[in-house]
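Written out below as structure tokens is the structure these notes cover.
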Amino acid sequence: MGLVQRAVEAAGIPTVGVTLNRSVTARVRPPRAVFLRYPFGHPMGEPLAVAQQTAILEDLLRTLETAGPGTIVEPGYIWKRHRFA
Amino acid sequence: MARLANRVAVQLFRRLPWLGDLWAARRSFVEGGGIPWAPLRRPLAQCTVSLVTTAGVHVTGDTPFDMRDRTGDATFRVIPIGTPAAAMTITHDYYDHSAADRDINVVLPVDRLREAHTAGRVGGVGPRMYSFMGHVNGRHVKTLLEVTAPQVARQLVEDGADAVVMTPA
């Protein structure tokens with residue numbers, strides 16, 4: 001996914017992506033990433049968990065607004081334990 | 001048989017996250033050199049935001065991603081923004097998409113982005129979403145880098161996207 005992200009950014013559009021595997025992201029080096037220690041297949045969290053998905057989208061949007069090149073933001077949510085409002 | 005072996009591997013990777021790190025350490029990636037950078041040009045409340053995923057989502061009835069080629073598939077599908085979730089499906093044998101089958105927002109946060117638009121957090125939602133199937137190896141990497149990823153980038157520019165949110169599988 002990082003390769004697509006880099007291509008879009010290179011075309012002049014700022015991008016941010018979720019990553020579930022920090023070591024891959026550290027090597028592919030996308031412009032901005034939010035790292036979640038979540039199982040594969042769940043980049044936005046659990047199904048029908050609107051508050052959780054909303055919080056993750058907000059993390060992504062805030063990263064777009066604030067991060068510098070190569071930033072990997074880590075919100076630190078614990079899978080199925082973190083309480084979203 | 002290969003698809004069955006895949007299903008087993010997929011569950012292992014889901015349940016044992018350290019397997020993902022082991023897998024990553026042993027294979028080669030197209031590693032990034034410099035980091036491409038495009039600054040946000042205006043406040044998000046005035047930006048059109050588009051979605052791109054590599055989770056193998058596509059419109060039901062559209063050509064599915066190729067699961068027979070073990071080196072993957074570098075093509076992409078376009079999903080118009082108004083497509084109801086019931087008209088989307090996932091073709092991707094390399095991860096457990098049972099959660100995303102119940103709620104597409106798990107891999108493609110389209111409803112959440114529309115809510116962010118309604119709330120005024122973002123200025124607009126891109127007219128089209130773009131979807132890859134994240135398993136891309138061998139000769140397909142070249143196709144992705146030289147053809148399909150730049151093509152999606154061009155289409156996003158045509159769509160007037162000011163920012164893009166990307167989600168993997």
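Ordering of the structure tokens sets the chain letters (A, B, ...), residue numbers begin anew at 1 in every chain, and ligands are numbered from 1 in the order given.
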Fill in: Close residues, Gln5 in chain A itself excluded, 8 Å, only C-alpha atoms, min 4 positions apart in chain, as a list in words
Met1, Glu9, Thr15, Val16, Gly17, Pro30 and Pro31 of chain A; Met166 of chain B
Any chance you could export the current selection's C-alpha atoms as a PDB file, in the first residue's frame?
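The resulting file, selection.pdb, is reproduced below:
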```pdb
ATOM      1  CA  MET A   1       0.000   0.000   0.000  1.00  0.00           C
ATOM      2  CA  GLU A   9       1.913  11.956  -2.867  1.00  0.00           C
ATOM      3  CA  THR A  15      -1.702  11.310   1.836  1.00  0.00           C
ATOM      4  CA  VAL A  16      -2.010   9.489   5.126  1.00  0.00           C
ATOM      5  CA  GLY A  17      -2.375   5.759   5.644  1.00  0.00           C
ATOM      6  CA  PRO A  30       5.237   6.460   3.146  1.00  0.00           C
ATOM      7  CA  PRO A  31       4.866  10.205   3.825  1.00  0.00           C
TER       8      PRO A  31
ATOM      9  CA  MET B 166      -5.442   5.122   2.608  1.00  0.00           C
TER      10      MET B 166
END
```
Item to complete: Please give the complete set of residues from chain A that DSSP, run on the backbone, assigns to helix (DSSP H, G or I), formatted as a PyMOL selection string.
Response: chain A and resi 2-10+22-28+50-66
Selected residues, C-alpha atoms, written as a short mmCIF file (atom, residue, chain, number, x, y, z; two decimals), in the first residue's frame, please.
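Written output follows (again_18.cif):
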```cif
data_model
loop_
_atom_site.label_atom_id
_atom_site.label_comp_id
_atom_site.auth_asym_id
_atom_site.auth_seq_id
_atom_site.Cartn_x
_atom_site.Cartn_y
_atom_site.Cartn_z
CA GLY A 2 2.88 2.32 0.77
CA LEU A 3 3.92 2.24 -2.88
CA VAL A 4 0.52 3.50 -4.02
CA GLN A 5 0.63 6.12 -1.27
CA ARG A 6 4.03 7.33 -2.41
CA ALA A 7 2.80 7.57 -6.03
CA VAL A 8 -0.22 9.67 -5.01
CA GLU A 9 1.91 11.96 -2.87
CA ALA A 10 4.40 12.31 -5.73
CA ARG A 22 5.34 -1.02 11.60
CA SER A 23 8.42 -2.78 10.24
CA VAL A 24 7.08 -2.81 6.66
CA THR A 25 6.11 0.85 6.95
CA ALA A 26 9.53 1.80 8.29
CA ARG A 27 11.07 0.28 5.17
CA VAL A 28 8.61 1.45 2.52
CA VAL A 50 -18.70 3.78 14.98
CA ALA A 51 -16.95 5.64 17.82
CA GLN A 52 -13.78 3.64 17.28
CA GLN A 53 -13.79 4.14 13.51
CA THR A 54 -14.52 7.85 13.96
CA ALA A 55 -11.60 8.21 16.38
CA ILE A 56 -9.22 6.48 13.98
CA LEU A 57 -10.37 8.65 11.06
CA GLU A 58 -9.83 11.72 13.26
CA ASP A 59 -6.28 10.47 14.05
CA LEU A 60 -5.67 10.18 10.32
CA LEU A 61 -7.03 13.65 9.58
CA ARG A 62 -5.01 15.21 12.40
CA THR A 63 -1.90 13.48 11.07
CA LEU A 64 -2.58 15.07 7.67
CA GLU A 65 -2.72 18.46 9.38
CA THR A 66 0.28 18.17 11.64
#
```
Practice prompt. Would you kindly return, as a ChimeraX atom specification, each protein, DNA or RNA residue with an atom no farther than 10 Å from any atom of range 146-156 of chain B, considering only C-alpha atoms and excluding same-chain residues fewer than 5 positions away?
Written response: /A:1,3-13 /B:49-52,74-78,126-132,140-141,161-164
What does the file look like for those residues with C-alpha atoms, as a short mmCIF file (atom, residue, chain, number, x, y, z; two decimals), in the first residue's frame?
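Output file out01.cif is given in full below:
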```
data_model
loop_
_atom_site.label_atom_id
_atom_site.label_comp_id
_atom_site.auth_asym_id
_atom_site.auth_seq_id
_atom_site.Cartn_x
_atom_site.Cartn_y
_atom_site.Cartn_z
CA MET A 1 0.00 0.00 0.00
CA LEU A 3 3.92 2.24 -2.88
CA VAL A 4 0.52 3.50 -4.02
CA GLN A 5 0.63 6.12 -1.27
CA ARG A 6 4.03 7.33 -2.41
CA ALA A 7 2.80 7.57 -6.03
CA VAL A 8 -0.22 9.67 -5.01
CA GLU A 9 1.91 11.96 -2.87
CA ALA A 10 4.40 12.31 -5.73
CA ALA A 11 1.51 13.52 -7.90
CA GLY A 12 1.07 16.42 -5.47
CA ILE A 13 -1.70 15.15 -3.19
CA VAL B 49 -10.74 14.03 0.73
CA SER B 50 -10.66 10.77 -1.25
CA LEU B 51 -10.27 7.17 -0.15
CA VAL B 52 -7.91 4.51 -1.49
CA ALA B 74 -1.60 -5.03 -9.65
CA THR B 75 -4.87 -3.79 -11.15
CA PHE B 76 -7.36 -1.55 -9.37
CA ARG B 77 -11.11 -1.05 -9.31
CA VAL B 78 -13.07 2.18 -9.15
CA GLY B 126 -13.98 12.51 -3.52
CA PRO B 127 -16.40 11.21 -6.20
CA ARG B 128 -14.58 7.90 -6.66
CA MET B 129 -12.78 5.46 -4.37
CA TYR B 130 -9.92 3.33 -5.65
CA SER B 131 -9.21 -0.19 -4.58
CA PHE B 132 -6.26 -2.50 -5.04
CA HIS B 140 3.28 -7.16 -10.80
CA VAL B 141 5.38 -4.79 -8.67
CA ALA B 161 -8.71 15.41 -4.39
CA ASP B 162 -6.88 17.71 -1.95
CA ALA B 163 -5.94 14.84 0.38
CA VAL B 164 -6.15 11.06 0.40
#
```
Item to complete: Show which residues sit within 8 Å of range 135-139 of chain B, as JSON, numbers by chain. Count only C-alpha atoms, and ignore same-chain residues fewer than 3 positions away.
Response: {"B": [71, 72, 73, 74, 94, 142, 143, 144]}
Fill in: Residues flagged strand (DSSP E or B) by DSSP in chain A, as a list in words
Thr15, Val16, Gly17, Val18, Thr19, Arg32, Ala33, Val34, Phe35, Thr71, Ile72 and Val73 of chain A
Put those residues in a file: N, CA and C atoms, as a JSON list (two decimals), in the first residue's frame.
```json
[["chain", "number", "residue", "atom", "x", "y", "z"],
["A", 15, "THR", "N", -1.08, 12.60, 1.51],
["A", 15, "THR", "CA", -1.70, 11.31, 1.84],
["A", 15, "THR", "C", -1.39, 10.92, 3.27],
["A", 16, "VAL", "N", -2.29, 10.12, 3.83],
["A", 16, "VAL", "CA", -2.01, 9.49, 5.13],
["A", 16, "VAL", "C", -2.57, 8.08, 5.06],
["A", 17, "GLY", "N", -1.89, 7.13, 5.69],
["A", 17, "GLY", "CA", -2.38, 5.76, 5.64],
["A", 17, "GLY", "C", -2.32, 5.10, 7.00],
["A", 18, "VAL", "N", -3.22, 4.14, 7.20],
["A", 18, "VAL", "CA", -3.14, 3.28, 8.38],
["A", 18, "VAL", "C", -2.09, 2.22, 8.09],
["A", 19, "THR", "N", -1.31, 1.86, 9.09],
["A", 19, "THR", "CA", -0.45, 0.69, 8.95],
["A", 19, "THR", "C", -0.65, -0.23, 10.14],
["A", 32, "ARG", "N", 3.13, 9.80, 5.50],
["A", 32, "ARG", "CA", 2.52, 9.91, 6.83],
["A", 32, "ARG", "C", 1.77, 8.62, 7.13],
["A", 33, "ALA", "N", 1.91, 8.11, 8.35],
["A", 33, "ALA", "CA", 1.22, 6.86, 8.69],
["A", 33, "ALA", "C", 0.72, 6.90, 10.13],
["A", 34, "VAL", "N", -0.36, 6.19, 10.36],
["A", 34, "VAL", "CA", -0.87, 5.97, 11.72],
["A", 34, "VAL", "C", -0.77, 4.47, 11.97],
["A", 35, "PHE", "N", 0.03, 4.11, 12.97],
["A", 35, "PHE", "CA", 0.25, 2.69, 13.27],
["A", 35, "PHE", "C", -0.68, 2.22, 14.37],
["A", 71, "THR", "N", 6.55, 10.69, 9.20],
["A", 71, "THR", "CA", 6.02, 10.49, 10.55],
["A", 71, "THR", "C", 5.17, 9.22, 10.64],
["A", 72, "ILE", "N", 5.39, 8.45, 11.71],
["A", 72, "ILE", "CA", 4.49, 7.33, 12.03],
["A", 72, "ILE", "C", 3.88, 7.64, 13.39],
["A", 73, "VAL", "N", 2.60, 7.98, 13.38],
["A", 73, "VAL", "CA", 1.89, 8.32, 14.63],
["A", 73, "VAL", "C", 1.39, 7.02, 15.26]]
```
Practice prompt. Would you kindly report the residues of chain B within 6 Å of chain A, using only C-alpha atoms, as a PyMOL selection string?
Written response: chain B and resi 14+31-32+35-36+38-40+96-97+99+103+106-107+112+149-150+153+162-167+169
Output N, CA and C atoms for every residue in the selection just made, as an mmCIF file, in the first residue's frame.
```cif
data_model
loop_
_atom_site.group_PDB
_atom_site.id
_atom_site.type_symbol
_atom_site.label_atom_id
_atom_site.label_comp_id
_atom_site.auth_asym_id
_atom_site.auth_seq_id
_atom_site.Cartn_x
_atom_site.Cartn_y
_atom_site.Cartn_z
ATOM 1 N N ARG B 14 -3.460 -13.608 11.470
ATOM 2 C CA ARG B 14 -4.373 -12.767 12.206
ATOM 3 C C ARG B 14 -4.185 -12.961 13.717
ATOM 4 N N GLU B 31 12.020 -0.583 -1.207
ATOM 5 C CA GLU B 31 12.183 0.315 -0.080
ATOM 6 C C GLU B 31 12.225 1.756 -0.548
ATOM 7 N N GLY B 32 11.632 2.592 0.248
ATOM 8 C CA GLY B 32 11.572 3.993 -0.123
ATOM 9 C C GLY B 32 12.922 4.654 0.098
ATOM 10 N N ILE B 35 11.437 10.584 0.842
ATOM 11 C CA ILE B 35 10.003 10.501 1.058
ATOM 12 C C ILE B 35 9.318 11.583 0.221
ATOM 13 N N PRO B 36 8.430 11.190 -0.704
ATOM 14 C CA PRO B 36 7.721 12.220 -1.464
ATOM 15 C C PRO B 36 6.861 13.051 -0.511
ATOM 16 N N ALA B 38 3.918 16.260 -0.252
ATOM 17 C CA ALA B 38 3.031 17.321 -0.742
ATOM 18 C C ALA B 38 2.336 17.921 0.472
ATOM 19 N N PRO B 39 2.583 19.190 0.785
ATOM 20 C CA PRO B 39 1.933 19.771 1.962
ATOM 21 C C PRO B 39 0.438 19.983 1.734
ATOM 22 N N LEU B 40 -0.307 19.956 2.824
ATOM 23 C CA LEU B 40 -1.728 20.282 2.772
ATOM 24 C C LEU B 40 -1.844 21.764 2.392
ATOM 25 N N ASP B 96 -8.193 -12.260 6.497
ATOM 26 C CA ASP B 96 -9.522 -12.631 6.968
ATOM 27 C C ASP B 96 -10.411 -11.387 6.889
ATOM 28 N N HIS B 97 -11.306 -11.357 5.890
ATOM 29 C CA HIS B 97 -12.142 -10.163 5.759
ATOM 30 C C HIS B 97 -13.561 -10.367 6.304
ATOM 31 N N ALA B 99 -14.699 -9.530 9.162
ATOM 32 C CA ALA B 99 -15.160 -8.296 9.830
ATOM 33 C C ALA B 99 -15.581 -7.260 8.791
ATOM 34 N N ASP B 103 -19.068 -5.098 7.896
ATOM 35 C CA ASP B 103 -19.082 -3.631 7.893
ATOM 36 C C ASP B 103 -17.894 -3.153 7.055
ATOM 37 N N VAL B 106 -14.698 -1.119 8.102
ATOM 38 C CA VAL B 106 -13.522 -1.692 8.758
ATOM 39 C C VAL B 106 -12.278 -1.557 7.864
ATOM 40 N N VAL B 107 -12.491 -1.614 6.550
ATOM 41 C CA VAL B 107 -11.351 -1.449 5.632
ATOM 42 C C VAL B 107 -11.491 -0.240 4.702
ATOM 43 N N ARG B 112 -17.759 6.919 7.665
ATOM 44 C CA ARG B 112 -17.125 7.826 8.633
ATOM 45 C C ARG B 112 -16.658 9.102 7.934
ATOM 46 N N ALA B 149 -0.399 2.446 -10.152
ATOM 47 C CA ALA B 149 -0.366 3.446 -9.068
ATOM 48 C C ALA B 149 -0.343 4.869 -9.650
ATOM 49 N N PRO B 150 0.516 5.155 -10.669
ATOM 50 C CA PRO B 150 0.480 6.500 -11.262
ATOM 51 C C PRO B 150 -0.880 6.829 -11.911
ATOM 52 N N ALA B 153 -3.137 7.888 -9.226
ATOM 53 C CA ALA B 153 -2.717 9.232 -8.807
ATOM 54 C C ALA B 153 -3.277 10.288 -9.777
ATOM 55 N N ASP B 162 -7.879 16.870 -2.639
ATOM 56 C CA ASP B 162 -6.881 17.711 -1.952
ATOM 57 C C ASP B 162 -6.084 16.900 -0.940
ATOM 58 N N ALA B 163 -6.616 15.738 -0.569
ATOM 59 C CA ALA B 163 -5.939 14.845 0.375
ATOM 60 C C ALA B 163 -6.511 13.452 0.199
ATOM 61 N N VAL B 164 -5.718 12.447 0.551
ATOM 62 C CA VAL B 164 -6.150 11.057 0.396
ATOM 63 C C VAL B 164 -5.895 10.286 1.688
ATOM 64 N N VAL B 165 -6.903 9.519 2.100
ATOM 65 C CA VAL B 165 -6.769 8.628 3.253
ATOM 66 C C VAL B 165 -6.702 7.198 2.712
ATOM 67 N N MET B 166 -5.672 6.463 3.137
ATOM 68 C CA MET B 166 -5.442 5.122 2.608
ATOM 69 C C MET B 166 -5.589 4.072 3.698
ATOM 70 N N THR B 167 -6.181 2.952 3.323
ATOM 71 C CA THR B 167 -6.358 1.858 4.285
ATOM 72 C C THR B 167 -5.899 0.538 3.670
ATOM 73 N N ALA B 169 -5.284 -3.875 4.094
ATOM 74 C CA ALA B 169 -6.168 -4.987 4.437
ATOM 75 C C ALA B 169 -6.109 -5.238 5.935
#
```
